[in-house]
$ cat protein32.cif   # mmCIF, C-alpha atoms
data_protein
loop_
_atom_site.label_atom_id
_atom_site.label_comp_id
_atom_site.auth_asym_id
_atom_site.auth_seq_id
_atom_site.Cartn_x
_atom_site.Cartn_y
_atom_site.Cartn_z
CA MET A 215 165.68 30.69 115.86
CA LEU A 216 168.60 31.65 118.05
CA LEU A 217 169.34 29.10 120.72
CA PRO A 218 168.09 29.89 124.20
CA THR A 219 171.27 31.54 125.23
CA LEU A 220 173.30 33.65 127.39
CA PRO A 221 174.47 37.11 128.39
CA MET A 222 177.64 38.39 129.71
CA LEU A 223 179.87 39.24 132.58
CA LEU A 224 183.61 39.46 132.69
CA LEU A 225 185.26 37.48 135.46
CA LEU A 226 188.82 36.31 135.66
CA LEU A 227 190.51 34.00 138.13
CA PRO A 228 194.19 33.94 139.10
CA PRO A 229 196.56 31.18 138.00
CA THR A 230 196.19 28.55 140.69
CA LEU A 231 199.64 27.06 140.50
CA ALA A 232 202.20 28.76 142.71
CA LYS A 233 204.87 30.62 140.80
CA LEU A 234 208.46 29.72 141.52
CA THR A 235 210.94 32.41 142.47
CA PRO A 236 213.13 33.23 139.46
CA ILE A 237 216.90 33.10 139.78
CA PHE A 238 217.30 36.05 137.43
CA SER A 239 214.65 38.58 136.49
CA THR A 240 214.70 41.60 134.20
CA ARG A 241 211.60 43.22 135.73
CA SER A 242 210.37 44.59 139.05
CA SER A 243 208.79 42.18 141.53
CA SER A 244 205.50 44.11 141.38
CA PHE A 245 205.02 43.53 137.64
CA ASP A 246 203.45 40.21 136.64
CA PRO A 247 203.82 39.44 132.93
CA LEU A 248 201.13 36.77 133.21
CA GLN A 249 198.62 39.60 133.49
CA HIS A 250 199.88 41.24 130.27
CA LEU A 251 199.77 38.41 127.71
CA GLY A 252 196.48 39.26 126.03
CA GLY A 253 194.66 36.12 124.94
CA GLN A 254 197.56 34.03 126.26
CA SER A 255 197.17 35.19 129.87
CA PRO A 256 196.03 32.68 132.45
CA TYR A 257 192.75 33.68 134.10
CA PHE A 258 193.12 36.35 136.81
CA PRO A 259 190.85 38.90 138.54
CA ALA A 260 190.60 41.89 136.22
CA PRO A 261 191.13 45.28 137.88
CA ALA A 262 188.20 47.70 137.97
CA GLN A 263 188.48 50.61 135.52
CA TYR A 264 185.49 52.75 136.41
CA GLY A 265 185.90 52.92 140.19
CA VAL A 266 182.86 50.71 140.74
CA SER A 267 182.80 48.18 143.55
CA SER A 268 182.24 44.53 142.62
CA ALA A 269 180.10 44.12 145.73
CA LEU A 270 176.38 43.54 145.20
CA PRO A 271 174.48 46.86 145.57
CA ALA A 272 172.50 47.19 148.78
CA GLY A 273 168.88 46.14 148.36
CA CYS A 274 169.62 44.01 145.29
CA HIS A 275 169.90 40.30 144.71
CA ILE A 276 170.90 38.24 141.68
CA ASP A 277 168.06 36.24 140.15
CA GLN A 278 169.63 35.21 136.82
CA VAL A 279 173.11 35.04 135.28
CA SER A 280 174.40 34.39 131.80
CA TYR A 281 178.01 33.78 130.80
CA LEU A 282 179.87 33.55 127.52
CA VAL A 283 183.07 31.70 128.44
CA ARG A 284 186.24 31.10 126.51
CA HIS A 285 187.64 27.59 126.84
CA GLY A 286 190.16 27.14 129.62
CA ALA A 287 193.94 27.05 129.40
CA ARG A 288 195.14 24.72 126.68
CA TYR A 289 198.18 23.07 125.18
CA PRO A 290 199.65 24.69 122.05
CA THR A 291 198.18 24.24 118.61
CA LYS A 292 199.97 21.79 116.36
CA GLY A 293 201.60 24.71 114.52
CA SER A 294 202.87 26.34 117.72
CA TYR A 295 204.13 23.01 119.01
CA ALA A 296 206.13 22.50 115.81
CA GLY A 297 207.66 25.95 116.35
CA TRP A 298 208.65 25.07 119.91
CA VAL A 299 210.27 21.83 118.73
CA SER A 300 212.18 23.81 116.11
CA LEU A 301 213.43 26.19 118.82
CA GLN A 302 214.53 23.28 121.01
CA GLN A 303 216.39 21.72 118.09
CA LYS A 304 218.14 25.00 117.32
CA ILE A 305 219.30 25.19 120.93
CA ALA A 306 220.35 21.52 121.05
CA ASN A 307 222.32 21.74 117.80
CA ALA A 308 224.41 24.72 118.93
CA THR A 309 227.50 24.83 121.11
CA PHE A 310 227.10 28.03 123.06
CA VAL A 311 227.39 29.83 126.36
CA ALA A 312 224.33 31.56 127.84
CA ARG A 313 224.45 34.18 130.60
CA GLY A 314 222.08 36.30 132.65
CA PRO A 315 218.35 35.77 131.99
CA LEU A 316 219.13 33.13 129.33
CA ARG A 317 221.44 30.89 131.35
CA PHE A 318 218.69 28.26 131.66
CA LEU A 319 218.47 27.94 127.86
CA PRO A 320 220.89 25.00 127.26
CA GLY A 321 218.74 22.67 129.35
CA TRP A 322 215.30 23.87 128.28
CA LYS A 323 212.87 21.30 126.86
CA VAL A 324 209.45 21.63 125.19
CA PRO A 325 206.81 21.23 127.96
CA VAL A 326 204.69 18.74 126.00
CA ASN A 327 205.05 15.03 126.75
CA ASP A 328 202.38 13.46 124.53
CA ALA A 329 201.89 15.67 121.49
CA GLY A 330 199.38 13.34 119.86
CA ASN A 331 196.93 13.69 122.74
CA GLU A 332 197.87 17.07 124.19
CA THR A 333 198.23 19.60 121.35
CA GLU A 334 195.07 21.66 120.79
CA MET A 335 193.50 20.18 123.96
CA LEU A 336 192.53 21.53 127.37
CA SER A 337 195.29 21.43 129.98
CA GLY A 338 194.89 20.45 133.62
CA GLU A 339 194.91 24.15 134.56
CA GLY A 340 192.10 24.76 132.07
CA ALA A 341 190.04 21.95 133.58
CA LEU A 342 190.60 23.41 137.05
CA GLU A 343 189.54 26.90 135.89
CA ALA A 344 186.26 25.53 134.54
CA PHE A 345 185.59 23.35 137.59
CA ARG A 346 186.19 26.32 139.88
CA LEU A 347 183.82 28.52 137.92
CA GLY A 348 181.09 25.89 138.22
CA PHE A 349 181.72 25.48 141.93
CA GLU A 350 181.61 29.24 142.54
CA LEU A 351 178.43 29.82 140.52
CA ARG A 352 176.72 26.99 142.38
CA GLN A 353 177.31 28.95 145.59
CA LEU A 354 174.91 31.63 144.32
CA GLU A 355 172.20 29.04 144.99
CA LEU A 356 170.19 30.02 141.94
CA THR A 357 169.22 26.38 141.38
CA PRO A 358 168.35 23.85 144.11
CA GLY A 359 170.47 20.80 144.84
CA GLY A 360 169.60 17.83 142.68
CA GLU A 361 168.32 19.96 139.82
CA GLY A 362 170.02 19.45 136.46
CA LEU A 363 171.68 22.07 134.26
CA THR A 364 171.92 22.44 130.49
CA VAL A 365 174.79 24.42 128.94
CA TRP A 366 175.68 25.28 125.33
CA SER A 367 179.07 24.72 123.71
CA ALA A 368 180.87 25.27 120.43
CA SER A 369 181.92 21.92 119.04
CA GLN A 370 185.73 21.94 119.22
CA GLN A 371 186.91 19.40 121.77
CA ARG A 372 188.70 21.78 124.14
CA VAL A 373 185.54 23.89 124.35
CA VAL A 374 183.34 20.85 125.01
CA ASP A 375 185.77 19.66 127.68
CA THR A 376 185.61 23.09 129.35
CA ALA A 377 181.82 22.86 129.43
CA GLN A 378 181.99 19.37 130.94
CA TRP A 379 184.44 20.40 133.66
CA PHE A 380 182.18 23.36 134.46
CA LEU A 381 179.24 20.98 134.91
CA ASP A 382 181.39 18.73 137.09
CA GLY A 383 182.13 21.71 139.35
CA TYR A 384 178.58 23.04 139.36
CA LEU A 385 177.00 19.67 140.13
CA SER A 386 179.72 18.40 142.47
CA GLN A 387 177.98 19.32 145.72
CA GLY A 388 176.04 16.34 146.97
CA HIS A 389 175.91 12.72 145.87
CA TYR A 390 174.41 13.03 142.37
CA ASN A 391 175.03 11.34 139.06
CA ILE A 392 176.50 14.22 137.08
CA SER A 393 176.06 12.41 133.78
CA ASP A 394 172.31 12.35 134.40
CA LEU A 395 171.98 15.94 135.62
CA GLY A 396 174.36 17.76 133.26
CA LYS A 397 173.61 18.23 129.56
CA ILE A 398 175.74 19.89 126.87
CA VAL A 399 174.07 21.17 123.69
CA LEU A 400 176.68 21.20 120.91
CA MET A 401 176.62 24.03 118.36
CA ALA A 402 178.36 23.68 114.99
CA ASP A 403 181.46 25.87 114.72
CA SER A 404 181.46 27.03 111.13
CA VAL A 405 178.45 25.85 109.13
CA ASN A 406 177.11 28.79 107.16
CA TYR A 407 173.46 27.99 107.76
CA THR A 408 173.79 28.12 111.56
CA TYR A 409 174.50 31.87 111.73
CA ALA A 410 171.66 32.76 114.11
CA ASN A 411 171.99 29.54 116.07
CA SER A 412 175.70 29.48 116.72
CA LEU A 413 178.31 30.40 119.30
CA THR A 414 180.82 31.16 116.55
CA PRO A 415 178.68 33.38 114.28
CA THR A 416 181.59 35.27 112.71
CA ASN A 417 182.49 32.06 110.88
CA SER A 418 179.14 32.19 109.12
CA CYS A 419 179.08 35.89 108.27
CA PRO A 420 180.33 36.42 104.67
CA LYS A 421 181.06 40.11 105.29
CA PHE A 422 183.10 39.51 108.44
CA ALA A 423 186.85 39.67 107.85
CA GLU A 424 189.32 39.22 110.70
CA ASN A 425 192.60 40.98 110.04
CA ASP A 426 195.70 41.00 112.27
CA THR A 427 197.75 43.33 110.07
CA LEU A 428 198.05 46.04 112.73
CA GLY A 429 199.05 43.57 115.44
CA SER A 430 201.61 41.94 113.14
CA ASN A 431 203.05 45.31 112.14
CA TYR A 432 203.42 46.30 115.78
CA ARG A 433 205.23 43.04 116.59
CA ALA A 434 207.57 43.56 113.66
CA ALA A 435 208.45 47.00 115.04
CA TYR A 436 209.31 46.04 118.64
CA LYS A 437 210.99 42.63 118.25
CA PRO A 438 214.32 43.63 116.60
CA ALA A 439 215.43 45.61 119.65
CA ILE A 440 214.68 42.59 121.86
CA VAL A 441 216.76 40.36 119.59
CA THR A 442 219.71 42.73 119.87
CA ARG A 443 219.46 42.85 123.66
CA LEU A 444 219.17 39.08 124.17
CA ASN A 445 221.98 38.15 121.81
CA ARG A 446 224.37 40.00 124.11
CA TYR A 447 223.86 37.17 126.61
CA LEU A 448 224.80 34.46 124.09
CA ASP A 449 228.08 33.29 122.58
CA GLY A 450 227.72 30.69 119.82
CA LEU A 451 223.96 30.99 119.37
CA THR A 452 222.09 33.79 117.58
CA LEU A 453 218.40 34.39 118.15
CA ASP A 454 216.13 36.00 115.56
CA VAL A 455 212.70 37.66 115.71
CA THR A 456 210.94 34.32 115.14
CA ASP A 457 212.75 32.82 118.14
CA VAL A 458 211.77 35.78 120.30
CA GLY A 459 208.12 35.37 119.33
CA LYS A 460 208.16 31.71 120.36
CA MET A 461 209.90 32.51 123.65
CA MET A 462 207.36 35.18 124.57
CA ASP A 463 204.49 32.81 123.74
CA LEU A 464 206.03 30.18 126.00
CA CYS A 465 205.70 32.37 129.08
CA GLY A 466 201.95 31.90 129.32
CA TYR A 467 201.63 28.46 127.77
CA GLN A 468 204.43 26.83 129.74
CA THR A 469 203.16 28.37 132.97
CA GLU A 470 199.68 26.96 132.35
CA ILE A 471 201.12 23.53 131.53
CA SER A 472 203.95 23.24 134.07
CA GLY A 473 203.23 25.91 136.68
CA TYR A 474 206.25 28.07 135.80
CA SER A 475 208.16 29.29 132.77
CA PRO A 476 211.67 30.80 132.89
CA PHE A 477 210.80 32.75 129.74
CA CYS A 478 208.57 35.05 131.80
CA ASP A 479 211.73 36.46 133.41
CA VAL A 480 213.66 36.93 130.17
CA PHE A 481 211.85 40.05 128.99
CA THR A 482 211.57 43.52 130.47
CA GLU A 483 208.39 45.21 131.64
CA SER A 484 208.30 47.49 128.60
CA GLU A 485 208.78 44.50 126.28
CA TRP A 486 205.84 42.70 127.86
CA LEU A 487 203.70 45.82 127.54
CA GLY A 488 204.57 45.88 123.84
CA PHE A 489 203.59 42.21 123.55
CA GLU A 490 200.28 42.95 125.25
CA TYR A 491 199.55 45.94 123.03
CA ALA A 492 200.09 43.87 119.89
CA GLN A 493 197.49 41.45 121.27
CA ASP A 494 195.14 44.36 121.96
CA LEU A 495 195.48 45.57 118.38
CA GLN A 496 194.83 42.05 117.13
CA TYR A 497 191.55 41.66 119.04
CA TYR A 498 190.35 45.27 118.90
CA TYR A 499 190.65 45.68 115.13
CA GLY A 500 190.45 42.01 114.20
CA SER A 501 187.26 40.96 115.97
CA GLY A 502 186.37 43.69 118.47
CA PRO A 503 185.11 47.28 118.58
CA GLY A 504 187.50 48.36 115.81
CA ASN A 505 185.87 45.98 113.31
CA LYS A 506 182.51 47.37 112.20
CA MET A 507 181.09 43.91 111.48
CA ALA A 508 182.08 42.42 114.85
CA GLY A 509 179.18 43.78 116.87
CA THR A 510 176.79 43.07 114.03
CA SER A 511 177.78 39.41 113.96
CA PHE A 512 176.90 38.98 117.63
CA TRP A 513 173.66 40.96 117.51
CA PRO A 514 171.47 37.80 117.40
CA TYR A 515 173.18 36.52 120.54
CA LEU A 516 172.79 39.81 122.40
CA LYS A 517 169.15 40.12 121.35
CA ALA A 518 168.39 36.58 122.51
CA VAL A 519 170.02 37.23 125.87
CA THR A 520 168.13 40.48 126.28
CA GLU A 521 164.82 38.79 125.56
CA LEU A 522 165.56 36.03 128.07
CA PHE A 523 166.44 38.58 130.73
CA LEU A 524 163.27 40.55 130.02
CA VAL A 525 161.23 37.39 130.60
CA GLY A 526 163.26 36.41 133.64
CA PRO A 527 164.16 33.02 135.09
CA ASN A 528 161.74 30.10 135.18
CA THR A 529 159.17 31.88 133.01
CA THR A 530 158.06 30.53 129.64
CA THR A 531 159.27 32.69 126.76
CA PRO A 532 156.56 34.13 124.46
CA GLY A 533 155.73 31.88 121.50
CA SER A 534 157.94 29.09 122.82
CA SER A 535 157.92 26.30 125.34
CA PHE A 536 161.43 27.20 126.49
CA VAL A 537 161.72 28.21 130.14
CA PRO A 538 165.02 30.07 130.71
CA PRO A 539 166.80 28.77 133.81
CA PRO A 540 168.49 31.08 136.31
CA VAL A 541 171.94 30.02 135.04
CA LEU A 542 172.63 30.40 131.30
CA MET A 543 176.06 29.22 130.19
CA ALA A 544 177.75 29.11 126.78
CA PHE A 545 181.33 28.11 125.93
CA THR A 546 183.28 29.22 122.88
CA HIS A 547 186.62 30.67 121.62
CA ASP A 548 188.65 33.85 122.22
CA ASN A 549 187.64 35.49 118.93
CA ASP A 550 183.99 35.14 119.90
CA LEU A 551 184.31 37.16 123.10
CA SER A 552 185.58 40.35 121.46
CA PRO A 553 182.59 40.60 119.03
CA LEU A 554 180.27 40.47 122.03
CA ILE A 555 182.22 43.32 123.63
CA ALA A 556 181.62 45.26 120.41
CA ALA A 557 177.91 44.38 120.40
CA LEU A 558 177.58 45.63 123.97
CA GLY A 559 179.22 48.92 123.05
CA ILE A 560 181.75 48.79 125.89
CA PHE A 561 185.53 49.38 126.09
CA ASN A 562 185.33 51.53 122.97
CA GLU A 563 185.88 54.98 124.46
CA THR A 564 189.31 55.33 122.83
CA ALA A 565 190.42 53.88 119.51
CA LEU A 566 193.82 52.18 119.71
CA ASN A 567 196.75 53.91 118.06
CA PRO A 568 198.24 51.39 115.57
CA THR A 569 201.86 52.50 116.03
CA ARG A 570 202.11 53.74 119.63
CA ILE A 571 200.68 52.34 122.87
CA THR A 572 197.46 54.06 123.94
CA PRO A 573 198.01 54.12 127.73
CA LYS A 574 194.52 55.16 128.89
CA ARG A 575 192.57 52.52 126.97
CA THR A 576 189.76 50.48 128.48
CA PHE A 577 190.06 47.67 125.93
CA ARG A 578 192.71 45.33 127.28
CA SER A 579 192.60 41.79 125.97
CA SER A 580 194.52 40.47 128.99
CA ASN A 581 191.60 41.44 131.22
CA THR A 582 188.81 40.07 129.07
CA ILE A 583 189.96 37.39 126.63
CA SER A 584 192.43 35.40 128.72
CA SER A 585 192.30 31.63 128.95
CA GLY A 586 189.01 30.90 130.67
CA GLY A 587 188.00 34.55 130.20
CA ARG A 588 184.30 35.23 130.43
CA ILE A 589 181.80 37.92 129.63
CA ALA A 590 178.80 37.62 131.87
CA LEU A 591 175.63 39.42 132.71
CA GLU A 592 173.89 39.34 136.04
CA ARG A 593 170.23 40.21 136.21
CA LEU A 594 169.72 42.10 139.48
CA ALA A 595 166.38 42.53 141.20
CA CYS A 596 166.57 45.68 143.31
CA ALA A 597 163.96 46.88 145.76
CA ALA A 598 161.95 49.76 144.33
CA THR A 599 162.81 51.82 147.39
CA VAL A 600 166.54 51.60 146.59
CA SER A 601 167.90 54.83 145.15
CA GLU A 602 169.38 54.70 141.66
CA PRO A 603 172.93 53.31 141.91
CA SER A 604 175.47 56.07 141.40
CA PHE A 605 177.22 54.00 138.75
CA VAL A 606 174.22 53.49 136.45
CA LYS A 607 175.42 54.70 133.03
CA HIS A 608 172.38 54.07 130.84
CA ILE A 609 168.86 54.60 132.17
CA ALA A 610 165.53 54.13 130.42
CA GLN A 611 161.97 54.11 131.74
CA THR A 612 160.46 50.65 131.84
CA ASP A 613 157.31 48.96 133.04
CA HIS A 614 157.90 46.38 135.74
CA LYS A 615 155.76 43.36 136.53
CA SER A 616 156.00 44.23 140.21
CA SER A 617 156.25 47.59 141.93
CA MET A 618 158.44 45.94 144.55
CA TYR A 619 161.48 45.42 142.30
CA SER A 620 163.30 47.09 139.44
CA SER A 621 165.44 44.98 137.11
CA PHE A 622 169.01 45.84 136.19
CA VAL A 623 171.79 44.13 134.28
CA ARG A 624 175.32 44.18 135.65
CA ILE A 625 178.32 43.54 133.43
CA LYS A 626 181.15 42.49 135.71
CA ALA A 627 184.86 43.09 135.28
CA ARG A 628 184.37 46.56 133.89
CA ILE A 629 181.23 46.97 135.87
CA PHE A 630 178.30 49.16 135.08
CA ILE A 631 174.59 48.65 135.58
CA ASP A 632 171.91 49.09 132.96
CA ARG A 633 168.23 49.18 133.44
CA LEU A 634 167.03 46.15 131.56
CA GLU A 635 165.00 48.20 129.12
CA ALA A 636 168.14 50.13 128.15
CA LEU A 637 169.82 46.87 127.21
CA LYS A 638 166.80 46.01 125.06
CA ARG A 639 167.04 49.38 123.30
CA ARG A 640 170.70 48.75 122.61
CA ALA A 641 169.90 45.37 121.06
CA ASP A 642 167.15 46.98 118.95
CA THR A 643 169.59 49.63 117.74
CA ARG A 644 172.05 46.95 116.73
CA SER A 645 169.18 45.28 114.90
CA ALA A 646 168.74 48.30 112.64
CA PHE A 647 172.48 48.34 111.95
CA PHE A 648 172.48 44.64 111.18
CA VAL A 649 169.63 44.88 108.70
CA GLY A 650 171.41 47.68 106.86
CA GLN A 651 174.49 45.58 106.07
#
$ encode --input "protein32.cif" --output "structure tokens"
Amino acid sequence: MLLPTLPMLLLLLPPTLAKLTPIFSTRSSSFDPLQHLGGQSPYFPAPAQYGVSSALPAGCHIDQVSYLVRHGARYPTKGSYAGWVSLQQKIANATFVARGPLRFLPGWKVPVNDAGNETEMLSGEGALEAFRLGFELRQLELTPGGEGLTVWSASQQRVVDTAQWFLDGYLSQGHYNISDLGKIVLMADSVNYTYANSLTPTNSCPKFAENDTLGSNYRAAYKPAIVTRLNRYLDGLTLDVTDVGKMMDLCGYQTEISGYSPFCDVFTESEWLGFEYAQDLQYYYGSGPGNKMAGTSFWPYLKAVTELFLVGPNTTTPGSSFVPPPVLMAFTHDNDLSPLIAALGIFNETALNPTRITPKRTFRSSNTISSGGRIALERLACAATVSEPSFVKHIAQTDHKSSMYSSFVRIKARIFIDRLEALKRRADTRSAFFVGQ
């Protein structure tokens, strides 16, 4: 049986650390590369794409929420850290002169002080992101003070730590023993018999194959020109495409670790847009709407969430003793957010061109799969007298337990509202597709 889980809403918070003013920049002051790093972006408020206000519709109130949350900002993986050390050694072993946007390079050091305890792990910024999310959701007052909260988490340590910091933020108001009130249910990451009871179901699906060929090909196409441009600022040191890849990665990671990275100011706006598009190709075709098995793999999750929303908060689910709380939270990895996007059938209006940037695309990994990114659903109870919201995109007739309220689901970040029965029909449709595989 699928764990009592969680729906989806996309929220993103800004980097909290103040950015320092660069001495030299190759881009306009209005362009922020931190919002164009795909899965490496710090959390920030995603811009609306459909012209829909994020304000709560008049006559409606939230009575249940469910979030699928990526772990917060982290230190590099062990492999990435080794690459950064290699870059630092290359710089240290050369006698060279650096000018323009690279003049900081001779004194640059890897921003990791304790590799044994920091690599792969949540950073301070990631902990703050999670704490803030808990604090902000608590302000919805969906649960009374002193009442505990159970959340679900994939088992990798940085994900578990994100869940714990969320609980610390959610339960921080008042003098309570958080260890008594907060509970984390750990879900195995990649055991093949946990497919329908997992927050990382693609790991258990034998037909799911994640492929980054298109993203890699796009990177290989745009990096050589960057290498040529940057080497003009160096005498005695020659950068290659591998070095450029590490330097672009450092923009987001070093900012999340140290509050600022000079590498963010090394690259032009068009170069950052190319970096972002390679990330979009990676997630769209690797584990998102462009992978036909992605949505299928997350169908059990979406169906479980739909059923919980149909029952509503604090009501026993049929055939079970489980009573879904008003706040349903699950914590996982970046490659488990994009399959949910595919299962929901959103951000798929335009397939991404593998060789040329698709400018009018709605799928942008920076906006949805950033560090601390989240896909969340809000269940809205709207007075029956309220006219149909102008931004409802999918409508289906449904029987309601009360003539006073109609139930809707709101997906935030790219916001639209569904009647709850329409979401159920979508999950049932995905069911037929899943069975046919």
$ residues_around --input "protein32.cif" --residues "Phe512 in chain A" --least-positions-apart "2" --cutoff "7 Å" --atoms "only C-alpha atoms" --output "list in words"
Pro415, Ala508, Gly509, Thr510, Pro514, Tyr515, Leu516, Pro553, Leu554 and Ala557 of chain A
$ closest_residue --input "protein32.cif" --among "A:Cys419, A:Gly338, A:Gln278, A:Tyr499" --to "Thr529 in chain A" --atoms "all atoms listed in the file"
A:Gln278
$ closest_residue --input "protein32.cif" --among "A:Ser511, A:Gly450, A:Ser472, A:His389" --to "Pro420 in chain A" --atoms "all atoms listed in the file"
A:Ser511
$ resolve_selection --input "protein32.cif" --expression "the PyMOL selection byres ((chain A and resi 528) around 6)" --output "list in words"
Pro527, Thr529, Val537, Pro538 and Pro539 of chain A
$ atom_distance --input "protein32.cif" --atom1 "CA of Arg575 in chain A" --atom2 "CA of Asp494 in chain A"
9.9 Å
$ closest_residue --input "protein32.cif" --among "A:Ser585, A:Leu282, A:Gln371, A:Gly533" --to "Ile555 in chain A" --atoms "only C-alpha atoms"
A:Leu282
$ resolve_selection --input "protein32.cif" --expression "the PyMOL selection byres ((chain A and resi 565) around 9)" --output "JSON, numbers by chain"
{"A": [498, 503, 504, 562, 563, 564, 566, 567, 572, 575, 577]}
$ closest_residue --input "protein32.cif" --among "A:Ile440, A:Leu381, A:Ile625, A:Ile276" --to "Ser367 in chain A" --atoms "only C-alpha atoms"
A:Leu381
$ atom_distance --input "protein32.cif" --atom1 "CA of Asn391 in chain A" --atom2 "CA of Arg593 in chain A"
29.4 Å
$ atom_distance --input "protein32.cif" --atom1 "CA of Gly526 in chain A" --atom2 "CA of Thr364 in chain A"
16.7 Å
$ closest_residue --input "protein32.cif" --among "A:Ile305, A:Thr416, A:Tyr281, A:Ser386" --to "Gly500 in chain A" --atoms "all atoms listed in the file"
A:Thr416
